[in-house]
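See below for work19.txt, which holds compact mmCIF, C-alpha atoms.
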```txt
# COMPACT_ATOMS: atom_id res chain seq x y z
CA MET A 423 128.73 82.81 118.19
CA ASN A 424 130.42 82.50 114.81
CA ASN A 425 129.70 78.77 114.54
CA TYR A 426 126.13 79.41 115.48
CA PHE A 427 125.72 81.93 112.68
CA GLN A 428 127.63 79.69 110.31
CA ARG A 429 124.89 77.09 110.79
CA ARG A 430 122.26 79.76 110.30
CA ARG A 431 123.85 80.79 107.02
CA GLU A 432 123.57 77.27 105.69
CA LYS A 433 119.88 77.15 106.47
CA PRO A 434 118.62 80.71 106.94
CA THR A 435 115.17 80.11 108.31
CA PHE A 436 114.61 82.10 111.46
CA PHE A 437 116.15 84.75 113.67
CA ASN A 438 114.57 85.63 116.96
CA ASP A 439 114.19 89.34 117.69
CA LEU A 440 117.17 89.63 120.00
CA GLU A 441 119.47 87.85 117.54
CA ALA A 442 118.27 90.08 114.70
CA ILE A 443 118.91 93.23 116.72
CA ARG A 444 122.35 92.04 117.76
CA VAL A 445 123.35 91.21 114.19
CA ILE A 446 122.28 94.65 112.94
CA GLU A 447 123.72 96.52 115.89
CA LEU A 448 127.17 94.98 115.44
CA GLY A 449 127.04 94.82 111.65
CA LEU A 450 127.76 91.07 111.70
CA PRO A 451 128.14 89.22 108.39
CA GLU A 452 124.64 87.75 108.83
CA GLU A 453 123.11 91.19 108.34
CA ASN A 454 121.89 90.39 104.82
CA ALA A 455 120.25 87.19 106.04
CA VAL A 456 118.50 89.14 108.80
CA LEU A 457 117.28 91.77 106.35
CA GLU A 458 115.95 89.05 104.09
CA PHE A 459 114.24 87.36 107.03
CA LEU A 460 112.65 90.66 108.12
CA TYR A 461 111.51 91.39 104.58
CA ARG A 462 109.91 87.99 104.27
CA THR A 463 108.18 88.04 107.66
CA THR A 464 106.89 91.61 107.56
CA SER A 465 105.77 91.68 103.94
CA THR A 466 102.99 89.20 104.70
CA SER A 467 101.23 91.66 107.00
CA LEU A 468 102.21 95.13 105.76
CA CYS A 469 101.81 94.60 102.00
CA PRO A 470 98.23 93.29 102.18
CA TYR A 471 97.36 96.24 104.45
CA ILE A 472 98.62 98.74 101.86
CA LEU A 473 97.08 96.88 98.94
CA SER A 474 93.70 96.84 100.66
CA ASN A 475 94.01 100.53 101.51
CA HIS A 476 94.27 102.01 98.05
CA GLY A 477 97.94 101.22 97.43
CA SER A 478 99.57 99.62 94.43
CA ARG A 479 102.16 96.86 94.56
CA ASP A 480 104.93 99.42 94.01
CA ASP A 481 103.61 101.47 96.92
CA ALA A 482 103.59 98.40 99.18
CA GLU A 483 107.19 97.48 98.30
CA ASP A 484 108.36 101.07 98.75
CA VAL A 485 106.74 101.48 102.16
CA LEU A 486 107.96 98.09 103.39
CA GLN A 487 111.54 98.94 102.42
CA ASP A 488 111.32 102.36 104.06
CA ALA A 489 109.86 100.93 107.29
CA ILE A 490 112.70 98.39 107.50
CA ILE A 491 115.22 101.20 106.95
CA ILE A 492 113.69 103.24 109.79
CA PHE A 493 113.98 100.18 112.06
CA TYR A 494 117.56 99.53 110.90
CA GLU A 495 118.67 103.10 111.54
CA LYS A 496 117.01 103.10 114.97
CA VAL A 497 118.91 99.98 115.93
CA LYS A 498 122.17 101.37 114.56
CA SER A 499 121.79 104.53 116.59
CA GLN A 500 121.05 102.37 119.65
CA ASP A 501 117.75 104.15 119.97
CA PHE A 502 115.51 101.12 119.53
CA ARG A 503 113.54 99.80 122.45
CA LEU A 504 111.92 96.43 122.00
CA GLN A 505 108.37 97.06 123.23
CA THR A 506 106.74 94.70 120.77
CA THR A 507 108.04 92.26 118.17
CA ILE A 508 110.24 93.64 115.39
CA ALA A 509 107.59 92.63 112.88
CA GLY A 510 104.98 94.55 114.89
CA TYR A 511 107.22 97.61 114.98
CA ILE A 512 107.92 97.54 111.24
CA TYR A 513 104.22 97.05 110.56
CA ALA A 514 103.29 100.04 112.75
CA VAL A 515 105.96 102.25 111.14
CA GLY A 516 104.88 101.21 107.65
CA ARG A 517 101.24 101.81 108.44
CA TYR A 518 102.01 105.27 109.81
CA MET A 519 104.04 106.05 106.68
CA TRP A 520 101.23 104.86 104.46
CA LEU A 521 98.64 106.98 106.30
CA ASN A 522 100.95 109.95 105.78
CA THR A 523 101.12 109.19 102.06
CA LEU A 524 97.36 108.93 101.82
CA ARG A 525 97.03 112.23 103.62
CA LYS A 526 99.37 113.82 101.09
CA ARG A 527 97.27 112.31 98.34
CA LYS A 528 94.24 113.82 100.08
CA LEU A 529 92.73 110.42 100.74
CA GLU A 530 92.89 110.42 104.51
CA ILE A 531 89.14 110.33 104.74
CA LEU A 532 89.01 106.87 103.25
CA VAL A 533 91.03 105.10 105.91
CA SER A 534 89.01 103.95 108.87
CA ASP A 535 91.62 102.06 110.88
CA ARG A 536 93.92 104.63 112.41
CA SER A 537 94.99 103.03 115.64
CA LEU A 538 98.68 102.30 115.96
CA GLY A 539 98.28 100.14 119.03
CA ASP A 540 100.82 100.56 121.80
CA VAL A 541 103.82 100.79 119.52
CA GLU A 542 105.85 103.95 119.86
CA VAL A 543 106.37 105.09 116.28
CA PRO A 544 109.26 107.50 115.59
CA THR A 545 107.03 110.13 114.02
CA LEU A 546 109.70 112.81 113.82
CA GLU A 547 112.11 110.60 111.89
CA ILE A 548 109.32 109.52 109.57
CA GLU A 549 108.28 113.09 108.83
CA VAL A 550 111.77 114.06 107.66
CA TYR A 551 112.57 110.68 106.08
CA LYS A 552 113.76 110.74 102.47
CA THR A 553 115.57 108.24 100.29
CA ASN A 554 116.24 110.47 97.32
CA VAL A 555 119.87 111.49 97.35
CA PRO A 556 120.39 115.09 96.17
CA GLU A 557 122.21 115.18 92.83
CA TYR A 558 124.94 117.32 94.39
CA THR A 559 125.70 114.70 97.08
CA GLN A 560 125.73 111.99 94.44
CA MET A 561 128.06 113.98 92.23
CA LEU A 562 130.53 114.70 95.05
CA LEU A 563 130.52 111.15 96.43
CA ASP A 564 131.08 109.79 92.92
CA LYS A 565 134.41 111.60 92.93
CA LEU A 566 135.51 109.84 96.10
CA HIS A 567 137.63 106.70 95.75
CA ASN A 568 135.43 103.60 96.00
CA GLY A 569 137.39 102.09 98.86
CA CYS A 570 137.02 105.32 100.83
CA LYS A 571 133.32 105.45 100.14
CA LYS A 572 132.90 101.91 101.50
CA ILE A 573 134.88 102.58 104.66
CA LEU A 574 132.95 105.78 105.35
CA ILE A 575 129.58 104.09 104.80
CA ASP A 576 130.57 101.16 107.02
CA SER A 577 131.80 103.42 109.76
CA ILE A 578 129.30 106.31 109.60
CA TYR A 579 126.06 104.78 108.33
CA LYS A 580 126.41 101.14 109.37
CA LYS A 581 128.29 102.12 112.54
CA ILE A 582 130.54 99.08 112.29
CA PRO A 583 133.28 99.20 114.96
CA MET A 584 136.72 100.21 113.66
CA LYS A 585 138.13 96.90 114.84
CA GLU A 586 135.74 95.04 112.50
CA ILE A 587 136.47 97.48 109.67
CA ALA A 588 140.20 96.79 110.07
CA LYS A 589 139.51 93.05 109.71
CA THR A 590 137.21 93.47 106.71
CA TYR A 591 139.64 95.66 104.79
CA GLY A 592 142.76 93.72 105.78
CA LEU A 593 144.23 96.60 107.78
CA LYS A 594 146.76 95.79 110.46
CA ASN A 595 144.87 97.19 113.42
CA GLU A 596 142.11 99.50 114.64
CA GLN A 597 144.35 102.57 114.69
CA ILE A 598 145.28 102.11 111.04
CA ALA A 599 141.57 101.84 110.21
CA ARG A 600 140.96 105.09 112.09
CA ASN A 601 143.75 106.84 110.17
CA LYS A 602 142.30 105.55 106.91
CA LYS A 603 138.85 106.88 107.82
CA TYR A 604 140.37 110.25 108.73
CA LYS A 605 142.15 110.44 105.37
CA CYS A 606 138.93 109.54 103.55
CA LEU A 607 137.02 112.29 105.37
CA LYS A 608 139.77 114.71 104.43
CA SER A 609 139.49 113.69 100.76
CA LEU A 610 135.75 114.22 100.91
CA ARG A 611 136.27 117.65 102.44
CA ASN A 612 138.65 118.57 99.61
CA ILE A 613 136.14 117.39 97.02
CA ILE A 614 133.41 119.53 98.63
CA GLU A 615 135.62 122.60 98.82
CA LYS A 616 136.76 122.27 95.22
CA SER A 617 133.25 121.82 93.86
CA PRO A 618 131.96 124.66 91.65
CA TYR A 619 128.98 125.38 93.92
CA PHE A 620 131.11 125.71 97.03
CA SER A 621 133.71 127.81 95.18
CA ARG A 622 130.97 130.10 93.93
CA LEU A 623 129.78 130.70 97.49
CA LEU A 624 133.31 131.64 98.50
CA THR A 625 133.80 133.95 95.51
CA GLU A 626 130.53 135.72 96.13
CA ILE A 627 131.40 136.41 99.72
CA ASP A 628 134.80 137.78 98.72
CA SER A 629 133.43 140.16 96.12
CA MET B 377 126.45 125.17 118.47
CA SER B 378 124.77 127.99 116.62
CA THR B 379 121.97 130.07 118.05
CA SER B 380 120.56 131.24 114.69
CA PRO B 381 116.99 130.29 113.88
CA ILE B 382 118.04 127.84 111.16
CA SER B 383 119.52 124.62 112.51
CA ASP B 384 122.74 123.07 111.22
CA THR B 385 120.78 120.10 109.88
CA GLU B 386 118.43 122.34 107.94
CA LEU B 387 121.28 124.46 106.59
CA ILE B 388 123.16 121.36 105.44
CA GLY B 389 120.00 120.01 103.79
CA LYS B 390 119.57 123.25 101.86
CA PHE B 391 123.24 123.35 100.87
CA LEU B 392 123.14 119.81 99.47
CA ASN B 393 120.02 120.68 97.50
CA LYS B 394 121.62 123.96 96.38
CA LYS B 395 118.73 125.89 97.83
CA LEU B 396 120.49 128.34 100.13
CA SER B 397 119.17 131.89 100.15
CA LYS B 398 121.69 134.76 100.13
CA GLU B 399 121.38 135.10 103.89
CA GLU B 400 121.78 131.36 104.41
CA GLU B 401 124.84 131.29 102.16
CA LEU B 402 126.52 133.70 104.55
CA LEU B 403 125.49 131.60 107.53
CA PHE B 404 126.79 128.48 105.84
CA LEU B 405 130.20 130.00 105.14
CA GLU B 406 130.38 131.24 108.68
CA ARG B 407 129.53 127.84 110.18
CA LYS B 408 131.73 125.86 107.86
CA ASN B 409 134.74 126.99 109.87
CA ASP B 410 133.36 125.03 112.77
CA GLU B 411 134.85 121.53 112.73
CA SER B 412 131.73 119.84 114.13
CA PHE B 413 129.57 121.50 111.44
CA HIS B 414 131.89 120.30 108.70
CA LEU B 415 131.85 116.79 110.13
CA GLN B 416 128.06 116.84 110.25
CA LEU B 417 127.99 117.86 106.59
CA GLU B 418 130.24 114.96 105.60
CA GLU B 419 128.34 112.48 107.74
CA THR B 420 125.02 113.61 106.27
CA MET B 421 126.31 112.99 102.75
CA VAL B 422 127.68 109.57 103.59
CA SER B 423 124.46 108.60 105.39
CA GLN B 424 122.36 109.66 102.39
CA ILE B 425 124.37 107.34 100.16
CA GLY B 426 124.33 104.57 102.79
CA ARG B 427 120.57 104.75 103.03
CA GLN B 428 120.23 104.70 99.26
CA GLN B 429 122.40 101.57 99.08
CA LEU B 430 120.33 99.87 101.78
CA LYS B 431 117.14 100.70 99.93
CA SER B 432 118.53 99.13 96.74
CA LYS B 433 119.58 96.06 98.68
CA LEU B 434 116.06 95.69 100.10
CA ALA B 435 114.55 96.13 96.64
CA ARG B 436 116.75 93.27 95.42
CA ILE B 437 115.68 91.12 98.37
CA GLY B 438 112.06 91.95 97.50
CA SER B 439 112.40 90.84 93.91
CA PHE B 440 114.24 87.69 94.97
CA ASN B 441 111.47 86.89 97.48
CA ASP B 442 108.85 87.22 94.76
CA THR B 443 110.65 84.68 92.63
CA SER B 444 111.42 82.23 95.42
CA GLN B 445 107.90 82.38 96.89
CA THR B 446 106.37 81.65 93.52
CA SER B 447 108.79 78.82 93.06
CA ARG B 448 107.99 77.24 96.45
CA LEU B 449 104.31 77.16 95.60
CA LEU B 450 104.75 75.09 92.48
CA PRO B 451 104.68 71.30 92.55
CA ASN B 452 107.60 69.49 90.91
CA ILE B 453 105.73 68.46 87.78
CA TYR B 454 104.95 72.09 87.03
CA LYS B 455 108.55 73.00 87.69
CA ILE B 456 109.65 70.48 85.05
CA PHE B 457 107.02 71.82 82.67
CA ILE B 458 108.11 75.39 83.32
CA ALA B 459 111.79 74.48 82.90
CA THR B 460 111.02 72.86 79.52
CA ALA B 461 108.96 75.85 78.47
CA ALA B 462 111.75 78.16 79.60
CA ILE B 463 114.33 76.29 77.51
CA VAL B 464 112.07 76.44 74.46
CA THR B 465 111.50 80.14 75.06
CA ILE B 466 115.20 80.83 75.46
CA VAL B 467 116.03 78.98 72.25
CA PHE B 468 113.26 80.89 70.48
CA ALA B 469 114.47 84.18 71.96
CA ILE B 470 118.06 83.52 70.86
CA ASN B 471 116.80 82.80 67.36
CA ARG B 472 114.79 85.98 67.33
CA LEU B 473 117.78 87.89 68.57
CA PHE B 474 119.81 86.89 65.57
CA ILE B 475 117.08 86.77 62.97
CA PHE B 476 115.25 89.99 63.79
CA ASN B 477 118.02 92.41 64.50
CA ARG B 478 118.70 93.04 68.19
CA ASP B 479 115.55 94.76 69.34
CA SER B 480 113.90 92.11 71.42
CA LEU B 481 110.84 94.13 72.44
CA SER B 482 108.73 96.39 70.29
CA ASN B 483 107.39 99.56 71.90
CA ASP B 484 103.98 97.96 72.00
CA GLN B 485 105.38 95.00 73.91
CA LEU B 486 107.20 97.38 76.22
CA PHE B 487 103.90 99.12 76.85
CA GLU B 488 102.25 95.78 77.66
CA ALA B 489 105.06 94.96 80.05
CA TYR B 490 104.78 98.20 82.01
CA PHE B 491 101.16 99.22 81.77
CA GLU B 492 99.05 98.37 84.77
CA VAL B 493 95.86 100.29 85.51
CA TYR B 494 96.14 102.45 88.58
CA PRO B 495 94.30 100.96 91.55
CA ASN B 496 91.03 102.61 92.50
CA ILE B 497 92.22 104.66 95.44
CA TYR B 498 89.11 106.71 95.14
CA SER B 499 85.79 105.87 96.61
CA THR B 500 82.60 107.81 96.12
CA LYS B 501 81.59 106.93 99.68
CA GLY B 502 81.39 110.04 101.80
CA LEU B 503 82.71 112.39 99.15
CA GLY B 504 79.55 114.38 98.73
CA ASP B 505 80.87 116.92 96.26
CA ILE B 506 81.06 114.47 93.40
CA ARG B 507 78.65 111.76 94.53
CA SER B 508 76.59 110.75 91.55
CA LYS B 509 75.01 107.57 90.29
CA PRO B 510 76.84 107.47 86.95
CA LEU B 511 80.16 108.04 88.70
CA GLU B 512 79.51 105.32 91.26
CA ASN B 513 78.60 103.06 88.38
CA ALA B 514 81.76 104.00 86.48
CA PHE B 515 83.95 103.11 89.47
CA LYS B 516 82.11 99.82 89.95
CA LEU B 517 82.85 98.90 86.33
CA TYR B 518 86.43 100.07 86.75
CA ASP B 519 86.87 97.85 89.80
CA ALA B 520 85.36 94.95 87.85
CA GLU B 521 87.92 95.60 85.07
CA GLN B 522 85.14 96.22 82.55
CA TYR B 523 86.96 99.13 81.03
CA ARG B 524 84.91 99.48 77.84
CA ASP B 525 81.73 99.95 79.89
CA ALA B 526 83.64 102.10 82.38
CA VAL B 527 84.61 104.46 79.51
CA SER B 528 80.94 105.01 78.62
CA ALA B 529 80.05 105.42 82.30
CA PHE B 530 82.83 107.98 82.90
CA ALA B 531 81.77 109.87 79.76
CA LYS B 532 78.19 109.95 81.07
CA ALA B 533 79.39 111.05 84.50
CA GLU B 534 81.45 113.84 82.96
CA LYS B 535 78.36 115.13 81.17
CA GLU B 536 76.28 115.05 84.32
CA ILE B 537 78.73 116.64 86.70
CA LEU B 538 81.60 118.98 86.09
CA SER B 539 84.69 117.06 85.13
CA ASN B 540 87.39 117.05 87.80
CA ASN B 541 90.94 115.74 88.15
CA THR B 542 89.91 112.42 89.64
CA THR B 543 87.30 111.54 87.04
CA SER B 544 89.67 112.58 84.25
CA PHE B 545 92.40 110.41 85.73
CA TYR B 546 90.30 107.24 85.92
CA TYR B 547 88.54 107.99 82.65
CA GLY B 548 92.04 108.25 81.11
CA GLN B 549 93.03 104.94 82.69
CA SER B 550 90.01 103.18 81.23
CA LEU B 551 90.69 104.70 77.80
CA ILE B 552 94.27 103.42 77.79
CA ALA B 553 93.06 100.00 78.90
CA ILE B 554 90.83 99.74 75.83
CA GLY B 555 93.55 101.10 73.55
CA ASP B 556 92.15 104.58 72.91
CA THR B 557 95.38 106.36 73.75
CA GLU B 558 94.49 109.51 71.80
CA LYS B 559 91.49 110.33 73.98
CA ALA B 560 93.30 109.04 77.08
CA LYS B 561 96.03 111.65 76.66
CA ILE B 562 93.45 114.42 76.37
CA GLU B 563 91.82 113.32 79.63
CA LEU B 564 95.10 112.87 81.48
CA GLU B 565 96.43 116.22 80.36
CA LYS B 566 93.50 117.89 82.12
CA ILE B 567 95.02 117.01 85.50
CA SER B 568 96.45 120.09 87.11
CA ILE B 569 100.02 120.25 88.31
CA GLU B 570 98.93 120.86 91.91
CA ASN B 571 96.92 117.66 92.00
CA PRO B 572 98.48 114.68 93.84
CA LEU B 573 97.72 112.49 90.80
CA TYR B 574 99.70 114.75 88.44
CA ASN B 575 102.92 112.69 88.48
CA GLU B 576 101.03 109.46 87.88
CA ALA B 577 99.11 111.11 85.04
CA GLN B 578 102.39 112.09 83.37
CA TRP B 579 103.59 108.49 83.66
CA TYR B 580 100.44 107.23 81.93
CA ILE B 581 100.68 109.86 79.20
CA ALA B 582 104.20 108.62 78.52
CA LEU B 583 102.91 105.04 78.34
CA ALA B 584 100.20 106.15 75.90
CA TYR B 585 102.91 107.64 73.69
CA LEU B 586 104.87 104.40 74.03
CA LYS B 587 101.88 102.47 72.74
CA GLU B 588 101.68 104.92 69.83
CA ASP B 589 105.37 104.36 69.09
CA ASN B 590 106.12 108.04 69.65
CA VAL B 591 109.53 107.61 71.27
CA ASP B 592 110.46 111.31 71.35
CA GLN B 593 107.43 112.13 73.45
CA VAL B 594 108.09 109.17 75.77
CA ILE B 595 111.59 110.46 76.42
CA LYS B 596 110.31 114.00 76.89
CA PHE B 597 107.73 112.98 79.50
CA LEU B 598 109.83 110.44 81.38
CA SER B 599 112.91 112.64 81.52
CA ASN B 600 111.08 115.54 83.13
CA PRO B 601 113.22 116.34 86.20
CA GLU B 602 110.24 117.93 87.96
CA LEU B 603 108.46 114.60 88.33
CA ARG B 604 108.79 112.77 91.64
CA PHE B 605 108.23 109.03 91.93
CA GLY B 606 108.92 106.25 94.42
CA ASN B 607 111.97 104.07 93.81
CA GLU B 608 110.09 101.25 92.10
CA LYS B 609 108.53 103.59 89.55
CA ALA B 610 111.83 105.43 89.09
CA ARG B 611 113.45 102.07 88.29
CA LYS B 612 110.76 101.30 85.71
CA ILE B 613 111.29 104.68 84.07
CA LYS B 614 115.02 104.08 83.93
CA ASP B 615 114.41 100.65 82.35
CA ILE B 616 112.07 102.03 79.69
CA LEU B 617 114.41 104.87 78.81
CA ALA B 618 117.35 102.50 78.58
CA LYS B 619 115.42 100.12 76.35
CA ILE B 620 114.08 102.71 73.95
CA GLU B 621 117.36 104.57 73.75
CA LYS B 622 119.11 101.35 72.73
CA LYS B 623 116.92 101.09 69.64
```
How does this structure look as structure tokens?
Amino acid sequence: MNNYFQRRREKPTFFNDLEAIRVIELGLPEENAVLEFLYRTTSTSLCPYILSNHGSRDDAEDVLQDAIIIFYEKVKSQDFRLQTTIAGYIYAVGRYMWLNTLRKRKLEILVSDRSLGDVEVPTLEIEVYKTNVPEYTQMLLDKLHNGCKKILIDSIYKKIPMKEIAKTYGLKNEQIARNKKYKCLKSLRNIIEKSPYFSRLLTEIDS
Amino acid sequence: MSTSPISDTELIGKFLNKKLSKEEELLFLERKNDESFHLQLEETMVSQIGRQQLKSKLARIGSFNDTSQTSRLLPNIYKIFIATAAIVTIVFAINRLFIFNRDSLSNDQLFEAYFEVYPNIYSTKGLGDIRSKPLENAFKLYDAEQYRDAVSAFAKAEKEILSNNTTSFYYGQSLIAIGDTEKAKIELEKISIENPLYNEAQWYIALAYLKEDNVDQVIKFLSNPELRFGNEKARKIKDILAKIEKK
């Protein structure tokens, strides 16, 4: 498998759907190449749709990125079922997101094509989807050691197996990687508990 | 697992946005003793940052794709021509950098770099409340990028029907496009805060000030924490603020 992907890396032209899903699911080193491939292949259908439905170029880029993120997170949580092509799925998610945006801008009336085909769009996830990180989260995570932040993101968000994390960070084995993650979570907990907002909550309850 | 009406996810969301009510603060402190709740809080924070990093990565891929697609479309001879032109430009830019202090872009040039008229996301079709011939005409001219004529048409439409947020917004756009930033600001400031175009209007008012070289007002408008934009626009705002603050 590694040799196969090595060749791909030299000439990154195409990933079939199953390869792309596998790479994302396992967090393989070719993940960036897959994301680039998905961006390239889905932008040709989704961006023109948004541009021809009252969207600007910035809107199109934003929605495309968000639709790929929804797909990525679905795969990571092993909740993605391949009913259509990945490109078809990302297109349907992006279109749904764009219709939502138009509705918020009170322009729903102007869009005639509402069908989403047979693709099962994760409407609940889309409704609560946000990319803005609250300032408080940002401030607390900024206090965390960079190495810890990376390990936590790899393990919690990217769901990379601990065995792979151990290799990436030059740790002796999986157990040591687990211990490291545990220590990092503990540091984060300390940072939260020492933050002024959290302390204020505690003081108020005491008084 | 808690049985209270507010879910753990919702409570964590409110905590991270510092929007807990008094009652929710008590609930939060009560649930924080639960190990699984604490873990969910930490995982939520890490996931928020992870998602933000992925979004930035995709934005970089997007900008790289733009460049590489353009480059693939060009025949070799044009590439050579462009490379020569680029070298000349770089040499010229380096000269300028040393001869004319270090401010490479004037505010007017910054305005030109960032100003783009907002696409016509409005159509008079089927919107009976404001359907009028002058307004239809104004939008036609706007779509055809004939902004000078569009300004007259929007002015006429405003006289015929009561002005509303949408007409003011596009009237303002046309005014900026022809360089009448003074009147444009007056039109754009008419847009009410509840209107979905409000944030965009604030962005264009800031650009109008940029064109007028009024840096203090640009900073005031673009630094307003109440404004909400997509990531691309937020990046542009950051760029502008960084550039003008350097001067």
Residues of chain B were defined as contacting chain A if any atom lay at most 7 Å from it, counting all atoms listed in the file; please report them as number ranges by chain. B: 392-393, 401, 419, 421-428, 431, 434, 437, 495-497, 572, 606-608
To one decimal in Å, tell me the separation between CA of Glu570 (chain B) and CA of Ala553 (chain B). 25.3 Å
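The residue that comes closest to Ile595 (chain B), out of B:Gln578, B:Ser383, B:Ser528, B:Gln416 and on the basis of all atoms listed in the file, is B:Gln578.
For the pair CA of Asp439 (chain A) and CA of Ile508 (chain A), the separation is 6.3 Å.
If all atoms listed in the file are the atoms counted, then among B:Phe413, B:Phe391, B:Trp579, B:Tyr518 the closest residue to Ser550 (chain B) is B:Tyr518.
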Provide the CA of Phe437 (chain A) to CA of Thr590 (chain A) distance in Å, to one decimal place. 23.8 Å
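Comparing B:Ala533, B:Val594, B:Ala584, B:Ala462 by their smallest distance to Lys619 (chain B), the closest is B:Val594 (using all atoms listed in the file).
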Residues near Tyr513 (chain A), cut-off 12 Å, only C-alpha atoms, skip fewer than 4 positions along chain, as a PDB file with C-alpha atoms, keeping the file's coordinate frame:
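After the write, out37.pdb holds the following:
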```pdb
ATOM      1  CA  LEU A 460     112.650  90.660 108.120  1.00  0.00           C
ATOM      2  CA  TYR A 461     111.510  91.390 104.580  1.00  0.00           C
ATOM      3  CA  THR A 463     108.180  88.040 107.660  1.00  0.00           C
ATOM      4  CA  THR A 464     106.890  91.610 107.560  1.00  0.00           C
ATOM      5  CA  SER A 465     105.770  91.680 103.940  1.00  0.00           C
ATOM      6  CA  THR A 466     102.990  89.200 104.700  1.00  0.00           C
ATOM      7  CA  SER A 467     101.230  91.660 107.000  1.00  0.00           C
ATOM      8  CA  LEU A 468     102.210  95.130 105.760  1.00  0.00           C
ATOM      9  CA  CYS A 469     101.810  94.600 102.000  1.00  0.00           C
ATOM     10  CA  PRO A 470      98.230  93.290 102.180  1.00  0.00           C
ATOM     11  CA  TYR A 471      97.360  96.240 104.450  1.00  0.00           C
ATOM     12  CA  ILE A 472      98.620  98.740 101.860  1.00  0.00           C
ATOM     13  CA  ALA A 482     103.590  98.400  99.180  1.00  0.00           C
ATOM     14  CA  VAL A 485     106.740 101.480 102.160  1.00  0.00           C
ATOM     15  CA  LEU A 486     107.960  98.090 103.390  1.00  0.00           C
ATOM     16  CA  GLN A 487     111.540  98.940 102.420  1.00  0.00           C
ATOM     17  CA  ASP A 488     111.320 102.360 104.060  1.00  0.00           C
ATOM     18  CA  ALA A 489     109.860 100.930 107.290  1.00  0.00           C
ATOM     19  CA  ILE A 490     112.700  98.390 107.500  1.00  0.00           C
ATOM     20  CA  ILE A 492     113.690 103.240 109.790  1.00  0.00           C
ATOM     21  CA  PHE A 493     113.980 100.180 112.060  1.00  0.00           C
ATOM     22  CA  THR A 506     106.740  94.700 120.770  1.00  0.00           C
ATOM     23  CA  THR A 507     108.040  92.260 118.170  1.00  0.00           C
ATOM     24  CA  ILE A 508     110.240  93.640 115.390  1.00  0.00           C
ATOM     25  CA  ALA A 509     107.590  92.630 112.880  1.00  0.00           C
ATOM     26  CA  ARG A 517     101.240 101.810 108.440  1.00  0.00           C
ATOM     27  CA  TYR A 518     102.010 105.270 109.810  1.00  0.00           C
ATOM     28  CA  MET A 519     104.040 106.050 106.680  1.00  0.00           C
ATOM     29  CA  TRP A 520     101.230 104.860 104.460  1.00  0.00           C
ATOM     30  CA  LEU A 538      98.680 102.300 115.960  1.00  0.00           C
ATOM     31  CA  GLY A 539      98.280 100.140 119.030  1.00  0.00           C
ATOM     32  CA  VAL A 541     103.820 100.790 119.520  1.00  0.00           C
ATOM     33  CA  GLU A 542     105.850 103.950 119.860  1.00  0.00           C
ATOM     34  CA  VAL A 543     106.370 105.090 116.280  1.00  0.00           C
TER      35      VAL A 543
END
```
As JSON, numbers by chain, please: the residues near Ile562 (chain B) (cut-off 12 Å, all atoms listed in the file, same-chain neighbours under 2 positions excluded). {"B": [544, 545, 547, 548, 549, 551, 552, 556, 557, 558, 559, 560, 564, 565, 566, 567, 577, 578, 580, 581, 584, 585]}
